[in-house]
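What follows is start-v2.pdb (PDB, C-alpha atoms, pLDDT in the B column).
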ATOM      1  CA  ASP A   1      46.505  35.447 -70.357  1.00 54.00           C
ATOM      2  CA  ALA A   2      43.125  34.671 -71.913  1.00 60.00           C
ATOM      3  CA  GLY A   3      41.745  37.970 -70.664  1.00 88.00           C
ATOM      4  CA  ILE A   4      38.925  36.747 -68.448  1.00 95.00           C
ATOM      5  CA  THR A   5      37.551  39.016 -65.777  1.00 97.00           C
ATOM      6  CA  GLN A   6      34.801  38.353 -63.281  1.00 98.00           C
ATOM      7  CA  SER A   7      32.750  40.909 -61.418  1.00 97.00           C
ATOM      8  CA  PRO A   8      32.188  41.404 -58.640  1.00 98.00           C
ATOM      9  CA  ARG A   9      35.098  39.575 -57.017  1.00 97.00           C
ATOM     10  CA  HIS A  10      33.397  39.487 -53.646  1.00 98.00           C
ATOM     11  CA  LYS A  11      29.755  39.891 -52.727  1.00 98.00           C
ATOM     12  CA  VAL A  12      27.663  39.492 -49.607  1.00 98.00           C
ATOM     13  CA  THR A  13      23.938  39.373 -50.117  1.00 97.00           C
ATOM     14  CA  GLU A  14      20.830  38.431 -48.192  1.00 97.00           C
ATOM     15  CA  THR A  15      18.670  35.376 -48.680  1.00 97.00           C
ATOM     16  CA  GLY A  16      15.935  35.952 -51.230  1.00 97.00           C
ATOM     17  CA  THR A  17      17.669  38.679 -53.220  1.00 97.00           C
ATOM     18  CA  PRO A  18      18.585  38.252 -56.893  1.00 97.00           C
ATOM     19  CA  VAL A  19      22.281  38.291 -57.744  1.00 97.00           C
ATOM     20  CA  THR A  20      24.035  38.546 -61.109  1.00 98.00           C
ATOM     21  CA  LEU A  21      27.652  37.626 -61.674  1.00 98.00           C
ATOM     22  CA  ARG A  22      29.428  38.716 -64.813  1.00 98.00           C
ATOM     23  CA  CYS A  23      32.142  37.008 -66.808  1.00 98.00           C
ATOM     24  CA  HIS A  24      33.896  38.952 -69.543  1.00 98.00           C
ATOM     25  CA  GLN A  25      36.417  37.621 -72.052  1.00 96.00           C
ATOM     26  CA  THR A  26      38.467  39.491 -74.611  1.00 94.00           C
ATOM     27  CA  GLU A  27      39.532  36.660 -76.943  1.00 89.00           C
ATOM     28  CA  ASN A  28      36.303  35.738 -78.746  1.00 89.00           C
ATOM     29  CA  HIS A  29      36.125  32.149 -77.474  1.00 92.00           C
ATOM     30  CA  ARG A  30      32.958  30.297 -78.344  1.00 92.00           C
ATOM     31  CA  TYR A  31      32.567  28.159 -75.224  1.00 94.00           C
ATOM     32  CA  MET A  32      32.102  29.682 -71.783  1.00 96.00           C
ATOM     33  CA  TYR A  33      31.316  27.985 -68.484  1.00 97.00           C
ATOM     34  CA  TRP A  34      30.143  28.728 -64.967  1.00 98.00           C
ATOM     35  CA  TYR A  35      31.297  26.489 -62.113  1.00 98.00           C
ATOM     36  CA  ARG A  36      30.875  26.585 -58.396  1.00 98.00           C
ATOM     37  CA  GLN A  37      33.496  25.283 -56.021  1.00 97.00           C
ATOM     38  CA  ASP A  38      32.747  24.043 -52.537  1.00 94.00           C
ATOM     39  CA  PRO A  39      34.939  22.147 -50.073  1.00 87.00           C
ATOM     40  CA  GLY A  40      34.746  18.421 -50.722  1.00 81.00           C
ATOM     41  CA  HIS A  41      32.958  18.830 -54.055  1.00 83.00           C
ATOM     42  CA  GLY A  42      35.589  20.104 -56.410  1.00 88.00           C
ATOM     43  CA  LEU A  43      34.312  22.105 -59.360  1.00 95.00           C
ATOM     44  CA  ARG A  44      30.733  21.528 -60.449  1.00 95.00           C
ATOM     45  CA  LEU A  45      29.333  22.772 -63.727  1.00 95.00           C
ATOM     46  CA  ILE A  46      26.311  25.062 -63.396  1.00 97.00           C
ATOM     47  CA  HIS A  47      25.655  26.149 -66.978  1.00 97.00           C
ATOM     48  CA  TYR A  48      27.670  26.558 -70.113  1.00 96.00           C
ATOM     49  CA  SER A  49      27.334  28.366 -73.427  1.00 96.00           C
ATOM     50  CA  TYR A  50      28.375  27.243 -76.893  1.00 93.00           C
ATOM     51  CA  GLY A  51      27.568  30.504 -78.635  1.00 92.00           C
ATOM     52  CA  VAL A  52      25.574  33.689 -78.408  1.00 95.00           C
ATOM     53  CA  LYS A  53      22.140  32.835 -76.974  1.00 92.00           C
ATOM     54  CA  ASP A  54      23.079  29.138 -76.913  1.00 94.00           C
ATOM     55  CA  THR A  55      23.265  27.734 -73.413  1.00 95.00           C
ATOM     56  CA  ASP A  56      22.799  24.398 -71.678  1.00 94.00           C
ATOM     57  CA  LYS A  57      22.526  23.075 -68.150  1.00 94.00           C
ATOM     58  CA  GLY A  58      25.242  21.492 -66.114  1.00 92.00           C
ATOM     59  CA  GLU A  59      24.974  19.170 -63.139  1.00 90.00           C
ATOM     60  CA  VAL A  60      23.903  21.796 -60.554  1.00 95.00           C
ATOM     61  CA  SER A  61      21.723  24.219 -62.522  1.00 95.00           C
ATOM     62  CA  ASP A  62      18.706  24.467 -60.184  1.00 96.00           C
ATOM     63  CA  GLY A  63      18.286  28.003 -58.879  1.00 96.00           C
ATOM     64  CA  TYR A  64      20.553  29.501 -61.547  1.00 98.00           C
ATOM     65  CA  SER A  65      19.968  31.024 -64.944  1.00 97.00           C
ATOM     66  CA  VAL A  66      22.397  32.344 -67.536  1.00 98.00           C
ATOM     67  CA  SER A  67      22.402  34.650 -70.508  1.00 97.00           C
ATOM     68  CA  ARG A  68      24.818  35.354 -73.308  1.00 97.00           C
ATOM     69  CA  SER A  69      23.782  38.217 -75.570  1.00 96.00           C
ATOM     70  CA  LYS A  70      27.331  38.954 -76.724  1.00 96.00           C
ATOM     71  CA  THR A  71      30.291  36.668 -77.377  1.00 95.00           C
ATOM     72  CA  GLU A  72      32.346  38.348 -74.693  1.00 96.00           C
ATOM     73  CA  ASP A  73      29.863  38.328 -71.806  1.00 97.00           C
ATOM     74  CA  PHE A  74      28.327  35.407 -69.927  1.00 98.00           C
ATOM     75  CA  LEU A  75      26.050  36.291 -67.027  1.00 98.00           C
ATOM     76  CA  LEU A  76      25.047  34.023 -64.156  1.00 98.00           C
ATOM     77  CA  THR A  77      21.919  34.964 -62.204  1.00 98.00           C
ATOM     78  CA  LEU A  78      20.765  33.576 -58.901  1.00 97.00           C
ATOM     79  CA  GLU A  79      17.038  34.207 -59.066  1.00 93.00           C
ATOM     80  CA  SER A  80      16.529  34.213 -55.300  1.00 96.00           C
ATOM     81  CA  ALA A  81      19.734  33.593 -53.421  1.00 97.00           C
ATOM     82  CA  THR A  82      19.820  30.937 -50.707  1.00 97.00           C
ATOM     83  CA  SER A  83      22.489  30.125 -48.135  1.00 97.00           C
ATOM     84  CA  SER A  84      23.273  26.905 -50.014  1.00 96.00           C
ATOM     85  CA  GLN A  85      24.509  29.067 -52.897  1.00 98.00           C
ATOM     86  CA  THR A  86      27.296  30.492 -50.770  1.00 98.00           C
ATOM     87  CA  SER A  87      30.312  29.423 -52.784  1.00 98.00           C
ATOM     88  CA  VAL A  88      33.188  30.472 -54.984  1.00 98.00           C
ATOM     89  CA  TYR A  89      32.078  30.871 -58.583  1.00 98.00           C
ATOM     90  CA  PHE A  90      34.502  30.446 -61.462  1.00 98.00           C
ATOM     91  CA  CYS A  91      33.966  31.352 -65.062  1.00 98.00           C
ATOM     92  CA  ALA A  92      36.008  29.551 -67.713  1.00 97.00           C
ATOM     93  CA  ILE A  93      36.524  29.550 -71.446  1.00 95.00           C
ATOM     94  CA  ARG A  94      37.497  26.607 -73.600  1.00 92.00           C
ATOM     95  CA  ARG A  95      40.609  27.158 -75.598  1.00 85.00           C
ATOM     96  CA  THR A  96      40.802  25.400 -78.950  1.00 73.00           C
ATOM     97  CA  GLY A  97      43.800  24.186 -80.878  1.00 69.00           C
ATOM     98  CA  GLY A  98      45.621  21.079 -79.734  1.00 66.00           C
ATOM     99  CA  PHE A  99      44.683  20.555 -76.135  1.00 72.00           C
ATOM    100  CA  ASP A 100      41.211  20.513 -74.687  1.00 81.00           C
ATOM    101  CA  GLU A 101      41.996  23.236 -72.192  1.00 89.00           C
ATOM    102  CA  GLN A 102      39.853  25.414 -70.004  1.00 93.00           C
ATOM    103  CA  TYR A 103      41.140  28.752 -68.801  1.00 95.00           C
ATOM    104  CA  PHE A 104      39.580  30.053 -65.605  1.00 97.00           C
ATOM    105  CA  GLY A 105      38.786  33.531 -64.407  1.00 97.00           C
ATOM    106  CA  PRO A 106      39.876  34.720 -60.946  1.00 97.00           C
ATOM    107  CA  GLY A 107      36.627  33.712 -59.249  1.00 97.00           C
ATOM    108  CA  THR A 108      33.850  35.430 -57.328  1.00 98.00           C
ATOM    109  CA  ARG A 109      33.347  34.699 -53.647  1.00 98.00           C
ATOM    110  CA  LEU A 110      29.633  34.936 -52.871  1.00 98.00           C
ATOM    111  CA  THR A 111      28.237  34.823 -49.362  1.00 98.00           C
ATOM    112  CA  VAL A 112      24.482  34.589 -48.827  1.00 97.00           C
ATOM    113  CA  THR A 113      23.439  35.492 -45.286  1.00 96.00           C
TER     114      THR A 113
ATOM    115  CA  GLY B   1      25.964   8.247 -62.313  1.00 71.00           C
ATOM    116  CA  GLN B   2      29.096   9.972 -63.471  1.00 82.00           C
ATOM    117  CA  SER B   3      32.049  10.235 -61.142  1.00 89.00           C
ATOM    118  CA  LEU B   4      35.766  10.741 -60.914  1.00 93.00           C
ATOM    119  CA  GLU B   5      37.679   9.400 -57.937  1.00 95.00           C
ATOM    120  CA  GLN B   6      41.018  10.641 -56.720  1.00 97.00           C
ATOM    121  CA  PRO B   7      42.725  10.520 -53.312  1.00 97.00           C
ATOM    122  CA  SER B   8      41.856  13.401 -51.042  1.00 96.00           C
ATOM    123  CA  GLU B   9      45.391  14.041 -49.840  1.00 97.00           C
ATOM    124  CA  VAL B  10      48.954  13.067 -50.656  1.00 97.00           C
ATOM    125  CA  THR B  11      52.120  14.023 -48.776  1.00 97.00           C
ATOM    126  CA  ALA B  12      55.682  13.830 -50.098  1.00 97.00           C
ATOM    127  CA  VAL B  13      59.067  15.395 -49.446  1.00 97.00           C
ATOM    128  CA  GLU B  14      60.905  17.881 -51.572  1.00 97.00           C
ATOM    129  CA  GLY B  15      62.769  16.245 -54.449  1.00 97.00           C
ATOM    130  CA  ALA B  16      60.605  13.131 -54.409  1.00 97.00           C
ATOM    131  CA  ILE B  17      58.239  11.757 -57.055  1.00 97.00           C
ATOM    132  CA  VAL B  18      54.502  11.560 -56.426  1.00 98.00           C
ATOM    133  CA  GLN B  19      51.692   9.985 -58.414  1.00 98.00           C
ATOM    134  CA  ILE B  20      48.063  11.137 -58.181  1.00 98.00           C
ATOM    135  CA  ASN B  21      45.568   8.630 -59.537  1.00 98.00           C
ATOM    136  CA  CYS B  22      42.190   9.257 -61.091  1.00 98.00           C
ATOM    137  CA  THR B  23      39.565   6.692 -62.014  1.00 97.00           C
ATOM    138  CA  TYR B  24      36.493   7.758 -63.882  1.00 96.00           C
ATOM    139  CA  GLN B  25      33.043   6.514 -64.703  1.00 93.00           C
ATOM    140  CA  THR B  26      31.307   8.698 -67.249  1.00 88.00           C
ATOM    141  CA  SER B  27      28.694   8.265 -69.957  1.00 85.00           C
ATOM    142  CA  GLY B  28      31.041   9.674 -72.590  1.00 84.00           C
ATOM    143  CA  PHE B  29      34.770  10.175 -72.808  1.00 89.00           C
ATOM    144  CA  TYR B  30      36.853  12.414 -75.016  1.00 89.00           C
ATOM    145  CA  GLY B  31      39.850  13.043 -72.815  1.00 92.00           C
ATOM    146  CA  LEU B  32      41.325  13.444 -69.341  1.00 95.00           C
ATOM    147  CA  SER B  33      42.760  16.734 -68.133  1.00 95.00           C
ATOM    148  CA  TRP B  34      44.656  17.800 -65.051  1.00 97.00           C
ATOM    149  CA  TYR B  35      44.506  21.138 -63.276  1.00 97.00           C
ATOM    150  CA  GLN B  36      46.474  22.692 -60.456  1.00 98.00           C
ATOM    151  CA  GLN B  37      44.971  25.095 -57.956  1.00 97.00           C
ATOM    152  CA  HIS B  38      46.818  26.961 -55.232  1.00 97.00           C
ATOM    153  CA  ASP B  39      44.866  28.117 -52.206  1.00 94.00           C
ATOM    154  CA  GLY B  40      42.859  31.219 -53.046  1.00 93.00           C
ATOM    155  CA  GLY B  41      43.654  30.959 -56.738  1.00 96.00           C
ATOM    156  CA  ALA B  42      41.968  29.742 -59.888  1.00 97.00           C
ATOM    157  CA  PRO B  43      42.569  26.313 -61.431  1.00 97.00           C
ATOM    158  CA  THR B  44      45.251  26.288 -64.093  1.00 96.00           C
ATOM    159  CA  PHE B  45      45.632  23.739 -66.873  1.00 94.00           C
ATOM    160  CA  LEU B  46      48.485  21.239 -66.625  1.00 95.00           C
ATOM    161  CA  SER B  47      47.960  18.480 -69.171  1.00 94.00           C
ATOM    162  CA  TYR B  48      45.554  16.605 -71.413  1.00 93.00           C
ATOM    163  CA  ASN B  49      45.374  13.003 -72.626  1.00 94.00           C
ATOM    164  CA  ALA B  50      42.991  11.903 -75.342  1.00 92.00           C
ATOM    165  CA  LEU B  51      44.830   8.707 -76.249  1.00 93.00           C
ATOM    166  CA  ASP B  52      46.406   5.946 -74.174  1.00 96.00           C
ATOM    167  CA  GLY B  53      49.918   6.574 -73.038  1.00 96.00           C
ATOM    168  CA  LEU B  54      52.159   9.058 -71.356  1.00 96.00           C
ATOM    169  CA  GLU B  55      52.374  12.793 -72.033  1.00 93.00           C
ATOM    170  CA  GLU B  56      55.354  14.652 -70.590  1.00 93.00           C
ATOM    171  CA  THR B  57      55.569  18.359 -69.880  1.00 88.00           C
ATOM    172  CA  GLY B  58      58.685  19.247 -67.957  1.00 92.00           C
ATOM    173  CA  ARG B  59      58.528  17.854 -64.430  1.00 96.00           C
ATOM    174  CA  PHE B  60      54.903  16.793 -64.911  1.00 96.00           C
ATOM    175  CA  SER B  61      53.691  13.746 -66.824  1.00 97.00           C
ATOM    176  CA  SER B  62      50.192  12.424 -67.303  1.00 97.00           C
ATOM    177  CA  PHE B  63      49.104   8.923 -68.234  1.00 98.00           C
ATOM    178  CA  LEU B  64      45.859   7.523 -69.579  1.00 97.00           C
ATOM    179  CA  SER B  65      44.463   4.019 -69.994  1.00 97.00           C
ATOM    180  CA  ARG B  66      41.061   4.238 -71.631  1.00 95.00           C
ATOM    181  CA  SER B  67      40.400   0.509 -71.273  1.00 95.00           C
ATOM    182  CA  ASP B  68      40.875   0.788 -67.497  1.00 96.00           C
ATOM    183  CA  SER B  69      39.128   4.187 -67.172  1.00 95.00           C
ATOM    184  CA  TYR B  70      42.203   5.309 -65.306  1.00 96.00           C
ATOM    185  CA  GLY B  71      44.799   7.995 -65.434  1.00 97.00           C
ATOM    186  CA  TYR B  72      47.458   9.547 -63.269  1.00 98.00           C
ATOM    187  CA  LEU B  73      49.507  12.676 -62.873  1.00 98.00           C
ATOM    188  CA  LEU B  74      53.180  12.193 -62.069  1.00 98.00           C
ATOM    189  CA  LEU B  75      55.115  15.009 -60.476  1.00 97.00           C
ATOM    190  CA  GLN B  76      58.888  14.658 -60.366  1.00 97.00           C
ATOM    191  CA  GLU B  77      61.553  16.576 -58.449  1.00 97.00           C
ATOM    192  CA  LEU B  78      58.921  17.964 -56.129  1.00 98.00           C
ATOM    193  CA  GLN B  79      59.295  21.569 -55.051  1.00 97.00           C
ATOM    194  CA  MET B  80      57.600  23.436 -52.232  1.00 97.00           C
ATOM    195  CA  LYS B  81      55.666  25.476 -54.804  1.00 97.00           C
ATOM    196  CA  ASP B  82      53.991  22.255 -55.980  1.00 98.00           C
ATOM    197  CA  SER B  83      51.947  22.235 -52.763  1.00 98.00           C
ATOM    198  CA  ALA B  84      48.451  22.736 -54.147  1.00 97.00           C
ATOM    199  CA  SER B  85      45.275  20.891 -55.044  1.00 97.00           C
ATOM    200  CA  TYR B  86      45.191  18.832 -58.225  1.00 98.00           C
ATOM    201  CA  PHE B  87      42.011  18.020 -60.114  1.00 97.00           C
ATOM    202  CA  CYS B  88      41.380  15.524 -62.854  1.00 97.00           C
ATOM    203  CA  ALA B  89      38.596  16.314 -65.295  1.00 95.00           C
ATOM    204  CA  VAL B  90      36.876  14.361 -68.031  1.00 94.00           C
ATOM    205  CA  SER B  91      35.561  15.867 -71.215  1.00 88.00           C
ATOM    206  CA  SER B  92      32.396  13.846 -71.535  1.00 80.00           C
ATOM    207  CA  GLY B  93      31.170  15.126 -74.872  1.00 73.00           C
ATOM    208  CA  THR B  94      29.453  18.245 -76.191  1.00 73.00           C
ATOM    209  CA  TYR B  95      32.290  20.125 -74.483  1.00 80.00           C
ATOM    210  CA  LYS B  96      30.988  19.478 -70.988  1.00 86.00           C
ATOM    211  CA  TYR B  97      33.407  18.664 -68.223  1.00 91.00           C
ATOM    212  CA  ILE B  98      33.231  16.697 -65.016  1.00 92.00           C
ATOM    213  CA  PHE B  99      35.813  17.335 -62.323  1.00 94.00           C
ATOM    214  CA  GLY B 100      37.091  15.122 -59.551  1.00 95.00           C
ATOM    215  CA  THR B 101      36.931  16.358 -55.981  1.00 94.00           C
ATOM    216  CA  GLY B 102      40.632  17.135 -55.942  1.00 96.00           C
ATOM    217  CA  THR B 103      43.814  15.875 -54.291  1.00 97.00           C
ATOM    218  CA  ARG B 104      45.615  18.141 -51.862  1.00 97.00           C
ATOM    219  CA  LEU B 105      49.366  17.693 -52.223  1.00 98.00           C
ATOM    220  CA  LYS B 106      51.563  18.679 -49.318  1.00 97.00           C
ATOM    221  CA  VAL B 107      55.268  18.941 -50.011  1.00 97.00           C
ATOM    222  CA  LEU B 108      57.463  18.759 -46.926  1.00 96.00           C
ATOM    223  CA  ALA B 109      60.932  20.253 -46.647  1.00 94.00           C
TER     224      ALA B 109
END
How would this structure read if it were set down as structure tokens?
Amino acid sequence: DAGITQSPRHKVTETGTPVTLRCHQTENHRYMYWYRQDPGHGLRLIHYSYGVKDTDKGEVSDGYSVSRSKTEDFLLTLESATSSQTSVYFCAIRRTGGFDEQYFGPGTRLTVT
Amino acid sequence: GQSLEQPSEVTAVEGAIVQINCTYQTSGFYGLSWYQQHDGGAPTFLSYNALDGLEETGRFSSFLSRSDSYGYLLLQELQMKDSASYFCAVSSGTYKYIFGTGTRLKVLA
């Protein structure tokens, strides 16, 4: 167990409100990722981080921002939530040593009404 | 553009062997990974190929041909618990990953 937690696990919010999702890891991994998963689209990378305060965009970054002020925490913010951002959000870390493996958190189900 | 293609659904019976293919078109390539995801759960890592050839891990094997931009996941001695979605993913450089849209495997008794 890589010790990844996500909070909240479920959230319902209204269109136009800001939302922040938190990913917390306990193993000091350098690389952290945020994905969204939607039916028919698989997992799509939103943003990722390669160190404290070092982040980069993924393929579906519009409408999202991230911050990483500590190694263990990676925050995903929806500036002004829209219904198209209703999705399941997964955080992941990249494990090093041998395989190029990502370990995923339990996910956050977000519904924007 | 960058894309990974895999079949949307595969059905097989318990005890059988099934192969899930993945073809990729990406601007960079460092390796091909496979993940399993049960309904309502998180993806879990199964295997990784950086070089051509076959990697075996128990009942699961994964193959890569870099010249053909192709790989597959082979599941042997299928069990009911193998019913899940399977995703291939390419590490395209700078530790960014692109995932396929997933293959739903149904195992029938």
Using only C-alpha atoms, determine which residues of chain B fall within 12 Å of chain A; present them as a PyMOL selection string.
chain B and resi 1-9+30-51+55+85-104
Residues picked by the PyMOL selection byres ((chain B and resi 72) around 10) here, as a JSON list (two decimals) with C-alpha atoms, in the coordinates of the input?
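In the end it all went to selection-v4.json:
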[["chain", "number", "residue", "atom", "x", "y", "z"],
["B", 6, "GLN", "CA", 41.02, 10.64, -56.72],
["B", 19, "GLN", "CA", 51.69, 9.98, -58.41],
["B", 20, "ILE", "CA", 48.06, 11.14, -58.18],
["B", 21, "ASN", "CA", 45.57, 8.63, -59.54],
["B", 22, "CYS", "CA", 42.19, 9.26, -61.09],
["B", 23, "THR", "CA", 39.56, 6.69, -62.01],
["B", 32, "LEU", "CA", 41.32, 13.44, -69.34],
["B", 33, "SER", "CA", 42.76, 16.73, -68.13],
["B", 34, "TRP", "CA", 44.66, 17.80, -65.05],
["B", 54, "LEU", "CA", 52.16, 9.06, -71.36],
["B", 61, "SER", "CA", 53.69, 13.75, -66.82],
["B", 62, "SER", "CA", 50.19, 12.42, -67.30],
["B", 63, "PHE", "CA", 49.10, 8.92, -68.23],
["B", 64, "LEU", "CA", 45.86, 7.52, -69.58],
["B", 65, "SER", "CA", 44.46, 4.02, -69.99],
["B", 70, "TYR", "CA", 42.20, 5.31, -65.31],
["B", 71, "GLY", "CA", 44.80, 8.00, -65.43],
["B", 73, "LEU", "CA", 49.51, 12.68, -62.87],
["B", 74, "LEU", "CA", 53.18, 12.19, -62.07],
["B", 75, "LEU", "CA", 55.12, 15.01, -60.48],
["B", 88, "CYS", "CA", 41.38, 15.52, -62.85]]
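Here the PyMOL selection byres ((chain B and resi 77) around 12) catches exactly these residues: Ala12, Val13, Glu14, Gly15, Ala16, Ile17, Val18, Gln19, Gly58, Arg59, Phe60, Ser61, Leu74, Leu75, Gln76, Leu78, Gln79, Met80, Lys81, Asp82 and Val107 of chain B.
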Take the selection from the previous step and output its residues with C-alpha atoms, as a PDB file, keeping the file's coordinate frame.
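Final output, again-v9.pdb:
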ATOM      1  CA  ALA B  12      55.682  13.830 -50.098  1.00 97.00           C
ATOM      2  CA  VAL B  13      59.067  15.395 -49.446  1.00 97.00           C
ATOM      3  CA  GLU B  14      60.905  17.881 -51.572  1.00 97.00           C
ATOM      4  CA  GLY B  15      62.769  16.245 -54.449  1.00 97.00           C
ATOM      5  CA  ALA B  16      60.605  13.131 -54.409  1.00 97.00           C
ATOM      6  CA  ILE B  17      58.239  11.757 -57.055  1.00 97.00           C
ATOM      7  CA  VAL B  18      54.502  11.560 -56.426  1.00 98.00           C
ATOM      8  CA  GLN B  19      51.692   9.985 -58.414  1.00 98.00           C
ATOM      9  CA  GLY B  58      58.685  19.247 -67.957  1.00 92.00           C
ATOM     10  CA  ARG B  59      58.528  17.854 -64.430  1.00 96.00           C
ATOM     11  CA  PHE B  60      54.903  16.793 -64.911  1.00 96.00           C
ATOM     12  CA  SER B  61      53.691  13.746 -66.824  1.00 97.00           C
ATOM     13  CA  LEU B  74      53.180  12.193 -62.069  1.00 98.00           C
ATOM     14  CA  LEU B  75      55.115  15.009 -60.476  1.00 97.00           C
ATOM     15  CA  GLN B  76      58.888  14.658 -60.366  1.00 97.00           C
ATOM     16  CA  LEU B  78      58.921  17.964 -56.129  1.00 98.00           C
ATOM     17  CA  GLN B  79      59.295  21.569 -55.051  1.00 97.00           C
ATOM     18  CA  MET B  80      57.600  23.436 -52.232  1.00 97.00           C
ATOM     19  CA  LYS B  81      55.666  25.476 -54.804  1.00 97.00           C
ATOM     20  CA  ASP B  82      53.991  22.255 -55.980  1.00 98.00           C
ATOM     21  CA  VAL B 107      55.268  18.941 -50.011  1.00 97.00           C
TER      22      VAL B 107
END
Might you spell out which residues the PyMOL selection byres ((chain A and resi 24) around 12) would select in the displayed file, as JSON, numbers by chain?
{"A": [2, 3, 4, 5, 6, 7, 8, 21, 22, 23, 25, 26, 27, 28, 29, 32, 33, 34, 68, 69, 70, 71, 72, 73, 74, 75, 76, 90, 91, 92, 93, 104, 105, 106, 107]}
With C-alpha atoms kept, could you save the residues just selected as a CSV table (one decimal), in the coordinates of the input?
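part_22.csv, written as the output of this step:
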chain,number,residue,atom,x,y,z
A,2,ALA,CA,43.1,34.7,-71.9
A,3,GLY,CA,41.7,38.0,-70.7
A,4,ILE,CA,38.9,36.7,-68.4
A,5,THR,CA,37.6,39.0,-65.8
A,6,GLN,CA,34.8,38.4,-63.3
A,7,SER,CA,32.8,40.9,-61.4
A,8,PRO,CA,32.2,41.4,-58.6
A,21,LEU,CA,27.7,37.6,-61.7
A,22,ARG,CA,29.4,38.7,-64.8
A,23,CYS,CA,32.1,37.0,-66.8
A,25,GLN,CA,36.4,37.6,-72.1
A,26,THR,CA,38.5,39.5,-74.6
A,27,GLU,CA,39.5,36.7,-76.9
A,28,ASN,CA,36.3,35.7,-78.7
A,29,HIS,CA,36.1,32.1,-77.5
A,32,MET,CA,32.1,29.7,-71.8
A,33,TYR,CA,31.3,28.0,-68.5
A,34,TRP,CA,30.1,28.7,-65.0
A,68,ARG,CA,24.8,35.4,-73.3
A,69,SER,CA,23.8,38.2,-75.6
A,70,LYS,CA,27.3,39.0,-76.7
A,71,THR,CA,30.3,36.7,-77.4
A,72,GLU,CA,32.3,38.3,-74.7
A,73,ASP,CA,29.9,38.3,-71.8
A,74,PHE,CA,28.3,35.4,-69.9
A,75,LEU,CA,26.0,36.3,-67.0
A,76,LEU,CA,25.0,34.0,-64.2
A,90,PHE,CA,34.5,30.4,-61.5
A,91,CYS,CA,34.0,31.4,-65.1
A,92,ALA,CA,36.0,29.6,-67.7
A,93,ILE,CA,36.5,29.6,-71.4
A,104,PHE,CA,39.6,30.1,-65.6
A,105,GLY,CA,38.8,33.5,-64.4
A,106,PRO,CA,39.9,34.7,-60.9
A,107,GLY,CA,36.6,33.7,-59.2
Quick one: pull the distance between CA of Thr11 (chain B) and CA of Thr57 (chain B), Å, one decimal.
21.8 Å
Box centre and edge lengths (Å, one decimal), axis-aligned, region 46-65 of chain B plus 4 Å each side, as AutoDock Vina command-line options:
--center_x 50.8 --center_y 12.6 --center_z -70.3 --size_x 23.7 --size_y 25.2 --size_z 19.8
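Straight-line separation from CA of Arg36 (chain A) to CA of Thr113 (chain A): 17.5 Å.
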Just to confirm, what's the straight-line distance from CA of Tyr89 (chain A) to CA of Leu110 (chain A) in Å (one decimal)?
7.4 Å
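Checking A:His10, A:Thr15, A:Asp54, A:Ser67 one by one against Gln85 (chain A), counting only C-alpha atoms, you find the shortest gap at A:Thr15.
Using all atoms listed in the file, the nearest neighbour of Val52 (chain A) within the list A:Arg9, A:Arg30, A:Thr17, A:Tyr64 is A:Arg30.
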